[in-house]
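**Student:** Quick one: the structure is below, questions incoming.
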Amino acid sequence: MKKTICFLYVLVSVFTCYAQQITLTGTVTNKKDQAPLPGVSVQSQSATVATDLKGMFSIPTFIGDRLRFTHSGMLVKLYVVQAGAQSINIRMTESGDTLQTVIVTGYQTEKKADLTGAVSVVKMSDIKDNPLGNPLRSLQGRLPGVMITTDGSPMGEATVRIRGTGTLGNNDPLYVIDGIPTRQSLTTLNPDDIESIQVLKDASSATIYGSRAANGVIVITTKKAKKGYSRIDFNTSISLQSYQKKPKILNTEQRGERYWQAAVNDHFDPNNNQIYQYDWNNDFDNPVLNKVILPGFIDPEKTMQPANTNWFEEISQTSLIQSHNISLSHGSEKGSSLFSLSYYNNKGIIKESFQNRITARFNSEYQFFKGRVKIGENFSASFIKGSTLPTGDIMFFATVLQPIVPVHTIDGGWGGPAPGMTDRHNPVRLIEDNKQNKNYTFAPFGNAYAEVEIIPGLRFKSSFGVDATLRYFRELRKSYRSGFLSDPSNQVNTSQNNGYTTTFQNTLNFTKILDKHAINVLVGEEEVNNGFQNFSGSRQGLALETLDYAYLDAGSTNVNNGGSGGGYALVSFFGKAQYTFDSKYLASFTIRRDGSSRFGKNNRYGTFPAFSLGWRISRETFVRENLPFISDLKLRYGWGRAGNQEISNTAVYGIYRAIYGGDRFGNDGGTAYDITGAGTGQLPSGFVAQQAANENLKWESSTQSNIGIDFGFLDNRLTGSADYFVKKATDILVLPPPIAVLGEGGSYYQNGASMNNKGFELLLTYANNNNTGLSYTISGNISTYRNQVVYLPSSVLTAYPGNGTDKTILGRSLGSYFGYIADGIFKTQKEVDDHAAQTGKGTGRIRFKDLNNDGTINDLDRDFIGKPDPSFIYGINFTMKWQDFDFACFFQGVSGGKVNHAYKIYSDFSSLWVGTNWGARTLDAWSPTNTSSEIPALTLLDANQEARFSTYFLEPATYLKLRTLQVGYALNNISKTVKARVFLEGTNLVTIKSKKFSGVDPESLNSGYPIPSVYTLGLNISF
């Protein structure tokens, strides 16, 4: 009896101990660098809290309870509460790019360990301080298989190509922001609001988005408040930006001397021109220039005195970028909310170019019935004001307008071209006369949603999203006189463009785990409606040339207006099933059926299936026991077919238009005609056919196979992935050029073209830390692809490079160059005599290859001479942290490929545009005393037809850039409740290019907006 009583006493004591409520405190730190982790979710059976800025928490629990610690970018940590525990220290491990990372894919989230598709994940800490405005610019070179091209414009646009060029039309990927698909530019998105970015590269991962996924999908999730955690974040930075390097052009003295040399080479009297005069020995056999003589005035009206204008200096400036962001977040057991406000102002390095953006974001989520019902919304609105300067024209005119032209006339007017010059505008005038013209954009975006847990494991979610853009533009075109160029008229132009897309989504998601079996099934329906309308108007005859006055009703002559509208609808049904056995064997099956109003009734719907398989080899017993250095290893294969509907909304229809011309006899191409012979009054109008109908037009499809491997070695210190893909696009949608025998309106959209892409991608990351507090990470990625046009309809073939017969684009890369092969410079008269018949050949002239060996240089000697596709693209990133200091360095590069450096027409030749300025390269032109030069001899005549497209204009696209160099310092001793960091960052600091590239930057060619170097000082504060 006593033993029984003792046993019961002990038993009751034990249960009392385990059931006793305690308050457990602790600190959560990063195992890598021992830094405190704020915002970590700590969950017990009875409560959920979050760590504060110092990584500290306090939570009600009991002995034996299991605490779960979760944080974005960290591996989940579990802790069982022990008897006597009052304060604990938890160290969490970064997930980095390991297979444990949780990512957002199509309509759901998944662990990367369970992924079987090709998905790249952006490490947001690497790009969060970038000052470039558009988040896509920050991704350049950081993701294998993703090529991003951009320029230095403050408007921030970027072109993204995922696994190469996949179609003949629109190659832009689909963007999905908080679950809402969009085709809009990401310039309206505040980079500081982004929580994560994933790129779905292959069809097996992207097919869930069906008809819009052929070019890949970029999934973006914005920040949200965390449960049990209130926080204010303030990030601010100011940047200074300037040219890396300006183009080298001739000054006034050099331009005059080079003209003299060109004339003397041709045995022309150099004084027979309207600008320069020369003191020289008049001996063409042994010419000697004593002096270049400038006139008192360069124009007959005697208003422009000769100058030595450096036009690039006149249009350029060192400018500022400002970025200020504040966010307030609060989370509790039953709800969370976040509000952020940002201001971004980028004043470009071309004077008066700028972008000014204000973005507000609000999201919230509330839970009811113990979390079984969730209601929330994500909403943002951006207001953007930007300049509309013709920056391409400004850069071009700064290159070619002669330096002898002054900025202003002696009476304060505009300088401009004088007799003997080509008609090139004063670029400073273009800036000053257009600086008042601005674009205004308002872009609301967001969705509201509700989610219900019907039974455990079965959740229904419904979401309605809106993506709208409202643009307004008013332009005052001023009258001007600039040299011999003038326009006495003025004009006001006004336009407004409004577009919207609504997305209604309904999904049902079922998850079930039975022992070693894990099943997830997703089914859904989506309805998309798109619409747009625009109008424009213009008038001339303004009494005042100020923007405050220049509204349409102020104009008195040449009244004009126009407008249009349209839209499309898309309805979709989709499903996805995923199965995992013992976390080792993975399978995924996806199917989507889309119906689009852009296609006729015969082929309105398209079906897009996909599947993928995975094998986590590292989970096998023989690997775990015999190969302990393998931390993670997964082999995967995927296949899928995605679609493309990027054509005109009216592509399937026969189109007739009434074109009201002003000529009563119809000679202006209009359909109005004086059929009654009245000679007065309004002309009656008929219709003209513009496009034939094609009810059989069908979906363009892209089929892709992908085999890949994800791995982690040495406790995941070395991680990475490798992928090989084959992508085939068929039934590509094309609009052939009109065929004359079919008459007006004979052209129509059709399917027919085919294209292949093949490529390889590799990502490697090594991370290490030691007990001294030093940690570092080195990562690199490299990718390559090969593009090939397989088939084109005969009616389209001649619209692409080639001769249309035996030399066509088929079997070659889409962007291939077709032209002559420049075979150096004729050095001696013997080389000239021995060469094939070539009109205009001579010493110092370009020699073109006789490819068909018929003894004559003509069109038959053209061939494919290069392609723009790089051999490979790559990025190298290095980060280091020691105590409170951090350091980052990122290089991005392109190897191989050719660019068409068309501006060599101006930089290398004096004969092709005699009346413009020339490049400084002409100072090294070929001459009898400079026979090693590869720049043609100076001449005023293009007898050799050297403007013909040839390999002379193709130059290497290879470059390596130091994209980012950053040093930061954490201010950890300010306050217990404040976390701060200050940093210095340089962007685009160094460009290393091929010696054979003669320009400034192969990434921004010809009249592209120069890519500046940017120097940033920033501060991040959280409290």
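Here, A, B, ... name the chains of the structure tokens in the order displayed, residue numbers run from 1 inside each chain, and ligands are numbered from 1 in the same displayed order.
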Give me, as CSV, each residue of region 629-648 of chain A that comes within 6 Å of region 703-709 of chain A, together with its shortest interatomic pair and the distance in Å at one decimal, counting only C-alpha atoms, with rows ordered by chain and rising residue number.

**Tutor:**
```
residue,atom,partner,partner_atom,distance
A:Lys634,CA,A:Ile709,CA,5.6
A:Leu635,CA,A:Ile709,CA,4.6
A:Arg636,CA,A:Gly708,CA,5.3
A:Tyr637,CA,A:Ile707,CA,4.4
A:Gly638,CA,A:Asn706,CA,5.1
A:Trp639,CA,A:Ser705,CA,4.5
A:Gly640,CA,A:Gln704,CA,5.6
A:Arg641,CA,A:Thr703,CA,4.3
```

**Student:** Keeping only C-alpha atoms, take the residues you just selected and write them out as a JSON list (two decimals), in the first residue's frame.

**Tutor:**
```json
[["chain", "number", "residue", "atom", "x", "y", "z"],
["A", 634, "LYS", "CA", 18.94, 15.74, -55.50],
["A", 635, "LEU", "CA", 18.54, 14.70, -59.11],
["A", 636, "ARG", "CA", 15.56, 16.08, -61.00],
["A", 637, "TYR", "CA", 13.98, 16.01, -64.44],
["A", 638, "GLY", "CA", 11.13, 18.08, -65.79],
["A", 639, "TRP", "CA", 9.13, 18.39, -68.98],
["A", 640, "GLY", "CA", 6.35, 20.78, -69.85],
["A", 641, "ARG", "CA", 4.61, 22.85, -72.44]]
```

**Student:** Could you list, as a ChimeraX atom specification, every residue within 10 Å of Tyr472 (chain A), counting only C-alpha atoms and ignoring same-chain residues fewer than 6 positions away?

**Tutor:** /A:385,438-442,494-498,534,536

**Student:** I need the residue nearest Gly1008 (chain A) from this list: A:Tyr749, A:Phe396, A:Phe368, A:Phe234. Use only C-alpha atoms for the distance.

**Tutor:**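 Ranking A:Tyr749, A:Phe396, A:Phe368, A:Phe234 by distance to Gly1008 (chain A), first place goes to A:Phe396.
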
**Student:** Excluding same-chain residues fewer than 2 positions from Pro390 (chain A), what lies within 9 Å of it counting only C-alpha atoms, as a list in words?

**Tutor:** Thr388, Gly392, Asp393, Ile394, Met395, Leu430, Ile431 and Asn434 of chain A

**Student:** How far is it from CA of Glu1003 (chain A) to CA of Leu923 (chain A), in Å with one decimal?

**Tutor:**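 Taking CA of Glu1003 (chain A) and CA of Leu923 (chain A), their separation equals 25.4 Å.
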
**Student:** Applying 7 Å and only C-alpha atoms, which residues near Arg357 (chain A) remain after dropping the ones on its own chain fewer than 5 positions away? List them as number ranges by chain.

**Tutor:** A: 343-345, 382-385

**Student:** What's around Asn290 (chain A) at 10 Å? Count only C-alpha atoms, leave out sequence neighbours fewer than 5 positions away in its own chain, and write the answer as a PyMOL selection string.

**Tutor:** chain A and resi 278-281

**Student:** May I have the residues within 8 Å of Gly840 (chain A) as a list in words, using only C-alpha atoms and disregarding those fewer than 3 positions away in the same chain?

**Tutor:** Asp942, Ala943, Asn944 and Gln945 of chain A

**Student:** Which one of A:Lys827, A:Arg255, A:Lys223, A:Arg142 sits closest to Ser364 (chain A) if you count only C-alpha atoms?

**Tutor:** A:Lys223

**Student:** Could you name the residues that touch Tyr551 (chain A) at 10 Å or less, counting only C-alpha atoms, but leaving out those on the same chain fewer than 5 positions away, as a list in words?

**Tutor:**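 Residues near the query, excluding close chain neighbours: Arg474, Glu475, Leu476, Gln491, Val492, Asn493, Thr494, Ser538, Arg539, Leu542 and Thr546 of chain A.
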
**Student:** For Phe818 (chain A), which residue out of A:Phe891, A:Phe953, A:Phe885, A:Phe510 is the nearest one, using only C-alpha atoms?

**Tutor:**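 Closest to Phe818 (chain A) of all the choices is A:Phe953.
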
**Student:** Check region 839-996 of chain A with DSSP on the backbone and list each residue it calls alpha helix (DSSP H), as a list in words.

**Tutor:**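 Restricting region 839-996 of chain A to alpha helix (DSSP H) produces Lys904, Ile905, Tyr906 and Ser907 of chain A.
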
**Student:** Deliver the residues from the most recent selection as a file, using C-alpha atoms, as a compact mmCIF listing (two decimals), in the first residue's frame.

**Tutor:**
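part_30.txt, written as the output of this step:
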```txt
# COMPACT_ATOMS: atom_id res chain seq x y z
CA LYS A 904 31.99 53.82 -86.19
CA ILE A 905 30.46 55.55 -89.21
CA TYR A 906 31.16 58.79 -87.33
CA SER A 907 34.18 57.83 -85.24
```

**Student:** Counting only C-alpha atoms, which of A:Ala980, A:Val121, A:Leu328, A:Ile375 gets nearest to Asn447 (chain A)?

**Tutor:**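 Using only C-alpha atoms, the shortest distance to Asn447 (chain A) belongs to A:Ile375.
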
**Student:** Taking the backbone alone, and naming residues the way the document does, which bits of region 431-637 of chain A are strand (DSSP E or B) by DSSP, as a ChimeraX atom specification?

**Tutor:** /A:438-455,458-477,480-482,485-487,491-514,517-540,557-581,585-596,605-616,630-637

**Student:** Using only C-alpha atoms, which residue out of A:Val264, A:Ile315, A:Leu962, A:Leu912 lies closest to Ser353 (chain A)?

**Tutor:**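 The shortest atom-to-atom distance to Ser353 (chain A) comes from A:Ile315.
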